[in-house]
Each structure stands twice: as structure tokens, then as C-alpha cells.
Amino acid sequence: MASLKALKIRINSVKSTQKITKAMKMVAAAKLRRAQEAAMAGRPYAERIESVVASLAARAGGEGASPLLAGTGKDQVHMLVVVTSERGLAGAFNTNIVRAARRKAEELEAAGKTVRFYTVGRKGRVIKRFYPTGVVADHDLSTMKVARFDEAKAIADDLLARYAAGEFDMAHLFYAKFQSALVQIPTTQQIIPVSVPTRDPKLAPTLSNDGDAAVEYEPSEEKILADLLPRNVAVQVFRALLENAASEQGSRMNAMDNATRNAGDMINRLSIQYNRTRQAAITTELVEIISGAEAL
């Protein structure tokens, strides 16, 4: 049985830890609001540029299309871009993203494909444990306090340069989509080449009698796509950074709340054990005093 002094030290230690976790929860809650607003504000733009690219691609597809749209003609080498955070203590936030990337990698390898990883954020480096030679690049986010578009553009430019050099055929982006403070959904998105969804005829733009779309573009669709396709990659990476920022704070707030409550439960259990040990010690001393008095 632990001594009274050891129990007292442990109770004080857990109380100190509880103060830290409670403070971290409050900080995460304060950051969550700003990060959530930024993520929500970025969604319409990211979704809109996807729809515009899809609309242009439907009209400008065919021979001579950009490699970012038509692809390389093969899908042997896949680049998995895993976006995580720089810091831990965020529950299963980073683990879920890495697990989704590993699951995708296993599916691709089972199909005979070559898999490579591009990690963004320090916590994504854990992939090296499972794929020691599979990580080709690691982008550091330690200097980024808030998600910035120039940081996303730097990542996108690096990916596009590697794609142009023939290092991979397809790229998939992994991040956590923020749904609420309690729910963050691991998300996979193909960003290179651009995935053009099948369009619903009911949602197609109104067509004129000669069969051409009512919307006309100036300059040509090909020139607009040449500018939009690289920017779309940067926008989708920026969206992943924004979603991750909100998801990280939500997950950390919940993790610290659980840690604070667990610390409180532990303090209660240790306090009960301390009181019982103290009572047992007092009873023993009383018995010794009474036994000594009777001996006299």
C-alpha cells in the first residue's frame, strides 16, 4: 500500500496536470471559433472553382487537353499528400488521417500500383515507420501560425513541378473535414489530374437550339483552364489546411475536456485511498497506545 506522502504527491501532480488540460481546452475553444469561421468561408470558393473547372473541362476536353485534366495516360504511380498538424494532444485527429492514407496505400499496392507519400505537417512523418523509403517530401508547417494561401501555393507548386517531371501519375489529398466540434471526417480527394464528376443532365446549363451552352467564355476555354487548373490545386490544398486547422482545435478541445474529467476522477479515487490509508494509520496508532496503556 502506498504511503500517505506518496499519495499526497501523486494527488498534487494530477491536480497540476488537470490545470494544464483545462487551460489547453479553453485555448482550443478560443481558437476553434476563428478556425471554424475561416474553414466555412473557404468552402464556397473551393467548391465553386471545382464546378467551374468541371464545366470548362466538359467543353474543352479532348485532344490537346492539359495534363492536369487529361492525366499522363497511365495510373501506375500514386502520390498520397497527407496533411496533418504540427502538434499533438489532439485526440485521434492525426491518427485518423494517417490511417486513411495507409488504407488507401494498401488498396493501391494490392492492385499492383506504386505508392509514394508527400507529408505536410510534423505528425504525418509517422508514415516513415511503415514506409521507410516511400516518403519523397516533407513540408514543414512549424512557422505557420494560421493557414495561409501562399503556404498552400508553395505546396501546390512543388507538387505540380514533380508531376511535370514525371514523378507520379495521380495525386490524392488526405485531410480531416470539419463537421462539428465533436466530428471530424477523414477525407480523400483526387487533385491531380483534376477529377471531373459525371454531370447530371438535369443540372446541366440551359442549351440553345443549336446545342451550344448558353454560357460563352472569353478567352477560350483552353486558355482559362490553363490558368484555373494550377490554381485549383492550390485552392484545394488551402481548403485542406483550413479544414485541418478547425478540425485540430475541435479534436484538441474534446481531448483536453476528456483529460480534465479523467483527472478529476483520478483525484477522487486517490483522495478516497488517501483518507482510508490515513484512517488505517490513525487506528493503528490508537491500538498501539491502548495496548501500551494496558501493559502498564
# chains A, B, ... in the order shown; residues from 1 in each chain; ligands from 1
>>> residues_around(residues="Ala234 (chain A)", least_positions_apart="2", cutoff="8 Å", atoms="only C-alpha atoms", output="list in words")
Phe149, Ala152, Lys153, Ile155, Ala156, Asp157, Pro230, Arg231, Asn232, Gln236, Val237 and Phe238 of chain A
>>> select_by_dssp(residues="region 40-262 of chain A", states="alpha helix (DSSP H)", output="PyMOL selection string")
chain A and resi 40-60+67-70+93-110+149-164+221-262
>>> residues_around(residues="Ala90 (chain A)", least_positions_apart="6", cutoff="10 Å", atoms="only C-alpha atoms", output="ChimeraX atom specification")
/A:28,247-256
>>> write_last_selection(atoms="all heavy atoms", output="PDB file, in the first residue's frame")
ATOM      1  N   ALA A  28      -8.000  26.005 -26.889  1.00  0.00           N
ATOM      2  CA  ALA A  28      -8.500  25.361 -28.107  1.00  0.00           C
ATOM      3  C   ALA A  28      -9.896  25.861 -28.458  1.00  0.00           C
ATOM      4  O   ALA A  28     -10.214  26.076 -29.632  1.00  0.00           O
ATOM      5  CB  ALA A  28      -8.512  23.843 -27.933  1.00  0.00           C
ATOM      6  N   SER A 247     -10.513  21.363 -37.543  1.00  0.00           N
ATOM      7  CA  SER A 247     -10.652  20.001 -37.005  1.00  0.00           C
ATOM      8  C   SER A 247      -9.674  19.756 -35.868  1.00  0.00           C
ATOM      9  O   SER A 247     -10.012  19.105 -34.871  1.00  0.00           O
ATOM     10  CB  SER A 247     -10.432  18.977 -38.121  1.00  0.00           C
ATOM     11  OG  SER A 247     -11.398  19.109 -39.135  1.00  0.00           O
ATOM     12  N   GLU A 248      -8.462  20.272 -36.011  1.00  0.00           N
ATOM     13  CA  GLU A 248      -7.451  20.079 -34.961  1.00  0.00           C
ATOM     14  C   GLU A 248      -7.893  20.709 -33.649  1.00  0.00           C
ATOM     15  O   GLU A 248      -7.792  20.086 -32.576  1.00  0.00           O
ATOM     16  CB  GLU A 248      -6.119  20.690 -35.409  1.00  0.00           C
ATOM     17  CG  GLU A 248      -5.016  20.587 -34.357  1.00  0.00           C
ATOM     18  CD  GLU A 248      -3.769  21.352 -34.730  1.00  0.00           C
ATOM     19  OE1 GLU A 248      -3.730  21.921 -35.842  1.00  0.00           O
ATOM     20  OE2 GLU A 248      -2.831  21.413 -33.901  1.00  0.00           O
ATOM     21  N   GLN A 249      -8.399  21.939 -33.709  1.00  0.00           N
ATOM     22  CA  GLN A 249      -8.808  22.620 -32.482  1.00  0.00           C
ATOM     23  C   GLN A 249     -10.035  21.950 -31.859  1.00  0.00           C
ATOM     24  O   GLN A 249     -10.138  21.832 -30.636  1.00  0.00           O
ATOM     25  CB  GLN A 249      -9.098  24.097 -32.760  1.00  0.00           C
ATOM     26  CG  GLN A 249      -7.904  24.875 -33.281  1.00  0.00           C
ATOM     27  CD  GLN A 249      -6.695  24.800 -32.366  1.00  0.00           C
ATOM     28  OE1 GLN A 249      -6.821  24.660 -31.148  1.00  0.00           O
ATOM     29  NE2 GLN A 249      -5.503  24.886 -32.948  1.00  0.00           N
ATOM     30  N   GLY A 250     -10.975  21.506 -32.701  1.00  0.00           N
ATOM     31  CA  GLY A 250     -12.133  20.797 -32.170  1.00  0.00           C
ATOM     32  C   GLY A 250     -11.751  19.496 -31.501  1.00  0.00           C
ATOM     33  O   GLY A 250     -12.240  19.161 -30.408  1.00  0.00           O
ATOM     34  N   SER A 251     -10.864  18.743 -32.143  1.00  0.00           N
ATOM     35  CA  SER A 251     -10.415  17.474 -31.571  1.00  0.00           C
ATOM     36  C   SER A 251      -9.614  17.702 -30.299  1.00  0.00           C
ATOM     37  O   SER A 251      -9.757  16.956 -29.317  1.00  0.00           O
ATOM     38  CB  SER A 251      -9.575  16.721 -32.602  1.00  0.00           C
ATOM     39  OG  SER A 251      -9.174  15.457 -32.109  1.00  0.00           O
ATOM     40  N   ARG A 252      -8.774  18.751 -30.289  1.00  0.00           N
ATOM     41  CA  ARG A 252      -7.980  19.031 -29.082  1.00  0.00           C
ATOM     42  C   ARG A 252      -8.873  19.475 -27.930  1.00  0.00           C
ATOM     43  O   ARG A 252      -8.645  19.089 -26.781  1.00  0.00           O
ATOM     44  CB  ARG A 252      -6.937  20.104 -29.388  1.00  0.00           C
ATOM     45  CG  ARG A 252      -6.097  20.484 -28.162  1.00  0.00           C
ATOM     46  CD  ARG A 252      -4.934  21.395 -28.510  1.00  0.00           C
ATOM     47  NE  ARG A 252      -3.925  20.685 -29.278  1.00  0.00           N
ATOM     48  CZ  ARG A 252      -3.586  20.998 -30.539  1.00  0.00           C
ATOM     49  NH1 ARG A 252      -4.183  22.008 -31.161  1.00  0.00           N
ATOM     50  NH2 ARG A 252      -2.663  20.300 -31.173  1.00  0.00           N
ATOM     51  N   MET A 253      -9.886  20.269 -28.219  1.00  0.00           N
ATOM     52  CA  MET A 253     -10.793  20.720 -27.168  1.00  0.00           C
ATOM     53  C   MET A 253     -11.479  19.517 -26.512  1.00  0.00           C
ATOM     54  O   MET A 253     -11.582  19.438 -25.281  1.00  0.00           O
ATOM     55  CB  MET A 253     -11.838  21.666 -27.750  1.00  0.00           C
ATOM     56  CG  MET A 253     -12.769  22.293 -26.709  1.00  0.00           C
ATOM     57  SD  MET A 253     -14.010  23.381 -27.432  1.00  0.00           S
ATOM     58  CE  MET A 253     -15.061  22.171 -28.244  1.00  0.00           C
ATOM     59  N   ASN A 254     -11.947  18.570 -27.338  1.00  0.00           N
ATOM     60  CA  ASN A 254     -12.595  17.380 -26.793  1.00  0.00           C
ATOM     61  C   ASN A 254     -11.613  16.505 -26.020  1.00  0.00           C
ATOM     62  O   ASN A 254     -11.942  15.966 -24.963  1.00  0.00           O
ATOM     63  CB  ASN A 254     -13.229  16.570 -27.925  1.00  0.00           C
ATOM     64  CG  ASN A 254     -14.427  17.262 -28.530  1.00  0.00           C
ATOM     65  OD1 ASN A 254     -15.177  17.932 -27.826  1.00  0.00           O
ATOM     66  ND2 ASN A 254     -14.607  17.127 -29.826  1.00  0.00           N
ATOM     67  N   ALA A 255     -10.401  16.363 -26.558  1.00  0.00           N
ATOM     68  CA  ALA A 255      -9.400  15.536 -25.886  1.00  0.00           C
ATOM     69  C   ALA A 255      -9.022  16.129 -24.524  1.00  0.00           C
ATOM     70  O   ALA A 255      -8.896  15.396 -23.530  1.00  0.00           O
ATOM     71  CB  ALA A 255      -8.153  15.404 -26.766  1.00  0.00           C
ATOM     72  N   MET A 256      -8.850  17.441 -24.466  1.00  0.00           N
ATOM     73  CA  MET A 256      -8.492  18.069 -23.203  1.00  0.00           C
ATOM     74  C   MET A 256      -9.659  18.060 -22.220  1.00  0.00           C
ATOM     75  O   MET A 256      -9.452  17.965 -20.997  1.00  0.00           O
ATOM     76  CB  MET A 256      -8.022  19.509 -23.448  1.00  0.00           C
ATOM     77  CG  MET A 256      -6.712  19.614 -24.215  1.00  0.00           C
ATOM     78  SD  MET A 256      -5.325  18.771 -23.390  1.00  0.00           S
ATOM     79  CE  MET A 256      -5.243  17.221 -24.315  1.00  0.00           C
TER      80      MET A 256
END
>>> residues_around(residues="Tyr175 (chain A)", least_positions_apart="3", cutoff="6 Å", atoms="only C-alpha atoms", output="PDB file with N, CA and C atoms, in the first residue's frame")
ATOM      1  N   VAL A  83      -1.974  15.587 -45.124  1.00  0.00           N
ATOM      2  CA  VAL A  83      -1.917  16.863 -44.400  1.00  0.00           C
ATOM      3  C   VAL A  83      -2.305  16.616 -42.943  1.00  0.00           C
ATOM      4  N   ILE A  97      -6.287  10.550 -39.985  1.00  0.00           N
ATOM      5  CA  ILE A  97      -5.830  10.947 -41.325  1.00  0.00           C
ATOM      6  C   ILE A  97      -4.779   9.977 -41.836  1.00  0.00           C
ATOM      7  N   PRO A 186     -12.264  12.114 -41.790  1.00  0.00           N
ATOM      8  CA  PRO A 186     -11.109  11.932 -42.684  1.00  0.00           C
ATOM      9  C   PRO A 186     -11.584  11.900 -44.138  1.00  0.00           C
ATOM     10  N   THR A 187     -10.981  12.732 -44.979  1.00  0.00           N
ATOM     11  CA  THR A 187     -11.450  12.916 -46.347  1.00  0.00           C
ATOM     12  C   THR A 187     -10.325  12.657 -47.340  1.00  0.00           C
ATOM     13  N   ALA A 240      -7.770  22.220 -47.551  1.00  0.00           N
ATOM     14  CA  ALA A 240      -7.363  21.160 -46.612  1.00  0.00           C
ATOM     15  C   ALA A 240      -6.699  21.754 -45.373  1.00  0.00           C
TER      16      ALA A 240
END
>>> residues_around(residues="Ala23 (chain A)", least_positions_apart="6", cutoff="12 Å", atoms="only C-alpha atoms", output="PyMOL selection string")
chain A and resi 16-17+29-30+252-253+256-257+259-260
>>> atom_distance(atom1="CA of Val14 (chain A)", atom2="CA of Leu89 (chain A)")
16.9 Å
>>> residues_around(residues="Lys74 (chain A)", least_positions_apart="6", cutoff="10 Å", atoms="only C-alpha atoms", output="MDAnalysis selection string")
chainID A and resid 168:170
>>> closest_residue(among="A:Asn258, A:Leu159, A:Thr21, A:Val98", to="Thr188 (chain A)", atoms="only C-alpha atoms")
A:Val98
>>> select_by_dssp(residues="region 64-268 of chain A", states="strand (DSSP E)", output="JSON, numbers by chain")
{"A": [77, 78, 79, 80, 81, 82, 83, 114, 115, 116, 117, 118, 119, 120, 135, 136, 137, 138, 139, 170, 171, 172, 173, 174, 175, 176, 177, 178, 184, 185, 186, 187, 188, 189, 190, 191, 192]}
>>> write_last_selection(atoms="C-alpha atoms", output="PDB file, in the first residue's frame")
ATOM      1  CA  VAL A  77       2.465   5.821 -59.591  1.00  0.00           C
ATOM      2  CA  HIS A  78       0.228   7.462 -56.973  1.00  0.00           C
ATOM      3  CA  MET A  79       1.279  10.336 -54.706  1.00  0.00           C
ATOM      4  CA  LEU A  80      -0.580  10.483 -51.395  1.00  0.00           C
ATOM      5  CA  VAL A  81      -0.474  14.007 -49.927  1.00  0.00           C
ATOM      6  CA  VAL A  82      -1.083  13.589 -46.180  1.00  0.00           C
ATOM      7  CA  VAL A  83      -1.917  16.863 -44.400  1.00  0.00           C
ATOM      8  CA  THR A 114       3.413   2.181 -56.790  1.00  0.00           C
ATOM      9  CA  VAL A 115       2.693   4.434 -53.799  1.00  0.00           C
ATOM     10  CA  ARG A 116       4.634   7.484 -52.644  1.00  0.00           C
ATOM     11  CA  PHE A 117       3.909   9.910 -49.832  1.00  0.00           C
ATOM     12  CA  TYR A 118       4.127  13.694 -49.560  1.00  0.00           C
ATOM     13  CA  THR A 119       3.658  14.673 -45.915  1.00  0.00           C
ATOM     14  CA  VAL A 120       2.549  18.127 -44.773  1.00  0.00           C
ATOM     15  CA  VAL A 135       8.136   9.439 -48.272  1.00  0.00           C
ATOM     16  CA  VAL A 136       9.581  11.609 -51.042  1.00  0.00           C
ATOM     17  CA  ALA A 137       8.981  15.032 -49.439  1.00  0.00           C
ATOM     18  CA  ASP A 138       8.073  16.573 -46.097  1.00  0.00           C
ATOM     19  CA  HIS A 139       6.659  20.100 -45.925  1.00  0.00           C
ATOM     20  CA  MET A 170      -2.044  10.734 -59.821  1.00  0.00           C
ATOM     21  CA  ALA A 171      -2.157  12.648 -56.516  1.00  0.00           C
ATOM     22  CA  HIS A 172      -4.643  12.187 -53.680  1.00  0.00           C
ATOM     23  CA  LEU A 173      -5.116  14.664 -50.841  1.00  0.00           C
ATOM     24  CA  PHE A 174      -5.872  13.488 -47.282  1.00  0.00           C
ATOM     25  CA  TYR A 175      -7.217  15.780 -44.555  1.00  0.00           C
ATOM     26  CA  ALA A 176      -9.952  15.985 -41.915  1.00  0.00           C
ATOM     27  CA  LYS A 177     -13.129  17.783 -42.949  1.00  0.00           C
ATOM     28  CA  PHE A 178     -14.610  19.794 -40.094  1.00  0.00           C
ATOM     29  CA  GLN A 184     -14.072  15.495 -37.945  1.00  0.00           C
ATOM     30  CA  ILE A 185     -14.312  13.304 -41.041  1.00  0.00           C
ATOM     31  CA  PRO A 186     -11.109  11.932 -42.684  1.00  0.00           C
ATOM     32  CA  THR A 187     -11.450  12.916 -46.347  1.00  0.00           C
ATOM     33  CA  THR A 188      -9.737  11.744 -49.537  1.00  0.00           C
ATOM     34  CA  GLN A 189      -9.730  13.916 -52.663  1.00  0.00           C
ATOM     35  CA  GLN A 190      -8.064  13.399 -56.027  1.00  0.00           C
ATOM     36  CA  ILE A 191      -6.385  16.657 -57.014  1.00  0.00           C
ATOM     37  CA  ILE A 192      -4.056  15.618 -59.889  1.00  0.00           C
TER      38      ILE A 192
END
>>> closest_residue(among="A:Arg10, A:Arg162, A:Lys5, A:Lys25", to="Leu270 (chain A)", atoms="only C-alpha atoms")
A:Arg10
